[in-house]
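Accompanying notes for the structure given below.
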Amino acid sequence: MVMAAESHFHILAVDDSVIDRKWIEKLLKTSSFQVTVVDSVTKALEFLGLQEAEQKNHHHEMKVNLIITDYSMPGMTGYDLLRKIKESKSHKDIPVVIMSSENIPSRINRCLEEGAEDFFLKPVQLSDVNKLRSHLLGWRTLVEVCSF
């Protein structure tokens, strides 16, 4: 029953590395999550309908329950994505988890202070993915409470 409920959770994974993208997708699907993967912040913003020029043409109706993004990517970083999500009226409550292969405490603290739910060091493990459940369940509770 729990797995059936979790399969309704949709996670948007953002990473410019093909290997890391396939790995996180495999971990998330193994954990029964619905997953959409993109290779850049720009594509993530397009998927979410937050790119002004692309908003009408590429916005997907599939609701995203959580975003997991690499920190270091060309162009816009995962931190940039986090800030855009938290500045958005329609998406600010979506939990964002940052991941990085670099253990830089100031970077980790900055992301958490800006509103990231968690910060995972790469390579991401199944135990990290299991932590996502608490963020998703907390998000679902928040949405249910605010719906009254």
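If you're wondering about the labels, chains in the structure tokens are A, B, ... by order shown, residues count from 1 in each chain, ligands from 1 in order shown.
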
Within 10 Å of segment 90-94 of chain A, which residues of segment 113-133 of chain A come that close, and what is the closest atom pair and distance in Å for each? Count only C-alpha atoms and give it as CSV.
```
residue,atom,partner,partner_atom,distance
A:Gly115,CA,A:Lys92,CA,9.3
A:Ala116,CA,A:Ile94,CA,9.8
A:Glu117,CA,A:Ile94,CA,9.5
```

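Within 6 Å of segment 8-18 of chain A there are Ala5, Glu6, Asp20, Arg21, Phe33, Gln34, Val35, Thr36, Val37, Val38, Asp39, Ser40, Val64, Asn65, Leu66, Ile67, Ile68, Thr69 and Asp70 of chain A, counting only C-alpha atoms and ignoring same-chain residues fewer than 2 positions away.
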
By how many Å are atom CA of Phe47 of chain A and atom CA of Asn130 of chain A apart?
24.8 Å

Looking only at the backbone, which of the residues in segment 1-97 of chain A does DSSP tag as alpha helix (DSSP H), as a ChimeraX atom specification?
/A:2-6,18-30,41-48,55-58,78-87

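Distance annotation: of A:Gly49, A:Lys29, A:His135, A:Lys22, the residue with the minimal separation from Ser88 of chain A is A:Gly49; atom set is only C-alpha atoms.
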
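All residues in segment 52-101 of chain A with a DSSP state of strand (DSSP E or B), computed from the backbone, read Leu66, Ile67, Ile68, Thr69, Asp70, Val96, Val97, Ile98, Met99 and Ser100 of chain A.
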
With N, CA, C and O atoms kept, could you save the residues just selected as a CSV table (one decimal), in the first residue's frame?
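So the final result, stored in part_31.csv, reads:
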```csv
chain,number,residue,atom,x,y,z
A,66,LEU,N,8.7,17.0,-5.7
A,66,LEU,CA,10.0,17.3,-5.2
A,66,LEU,C,10.9,17.5,-6.3
A,66,LEU,O,10.8,16.9,-7.4
A,67,ILE,N,11.9,18.4,-6.1
A,67,ILE,CA,13.0,18.6,-7.1
A,67,ILE,C,14.3,18.2,-6.5
A,67,ILE,O,14.6,18.6,-5.4
A,68,ILE,N,15.1,17.4,-7.2
A,68,ILE,CA,16.4,17.1,-6.7
A,68,ILE,C,17.4,17.5,-7.8
A,68,ILE,O,17.2,17.2,-9.0
A,69,THR,N,18.3,18.4,-7.5
A,69,THR,CA,19.2,19.0,-8.5
A,69,THR,C,20.6,19.0,-8.1
A,69,THR,O,21.0,19.1,-6.9
A,70,ASP,N,21.5,18.8,-9.1
A,70,ASP,CA,22.9,18.9,-8.9
A,70,ASP,C,23.2,20.4,-8.6
A,70,ASP,O,22.5,21.3,-9.1
A,96,VAL,N,13.0,21.2,-2.4
A,96,VAL,CA,14.2,21.1,-3.3
A,96,VAL,C,15.3,20.5,-2.5
A,96,VAL,O,15.6,20.9,-1.4
A,97,VAL,N,15.9,19.5,-3.1
A,97,VAL,CA,17.1,18.8,-2.5
A,97,VAL,C,18.3,19.1,-3.4
A,97,VAL,O,18.1,18.8,-4.6
A,98,ILE,N,19.4,19.5,-2.9
A,98,ILE,CA,20.6,19.8,-3.7
A,98,ILE,C,21.5,18.6,-3.5
A,98,ILE,O,21.6,18.1,-2.4
A,99,MET,N,22.3,18.3,-4.6
A,99,MET,CA,23.3,17.2,-4.5
A,99,MET,C,24.6,17.7,-5.1
A,99,MET,O,24.5,18.5,-6.1
A,100,SER,N,25.7,17.3,-4.6
A,100,SER,CA,27.0,17.7,-5.1
A,100,SER,C,28.1,16.7,-4.7
A,100,SER,O,28.0,16.0,-3.7
```

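Closest approach to Gln125 of chain A among A:Ile19, A:Gly78, A:Leu27, A:Gln51: A:Leu27, based on only C-alpha atoms.
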
Of the listed residues A:Arg107, A:Ala44, A:Val129, A:Leu50, that which approaches Met76 of chain A most closely, counting only C-alpha atoms
A:Ala44

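Comparing A:Ile24, A:Glu87, A:Tyr79, A:Ser31 by their smallest distance to Lys122 of chain A, the closest is A:Ile24 (using only C-alpha atoms).
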
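The coordinates place atom CA of Ile85 of chain A at 13.7 Å from atom CA of Leu112 of chain A.
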
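From atom CA of Asp128 of chain A back to atom CA of Asp80 of chain A, the distance works out to 22.3 Å.
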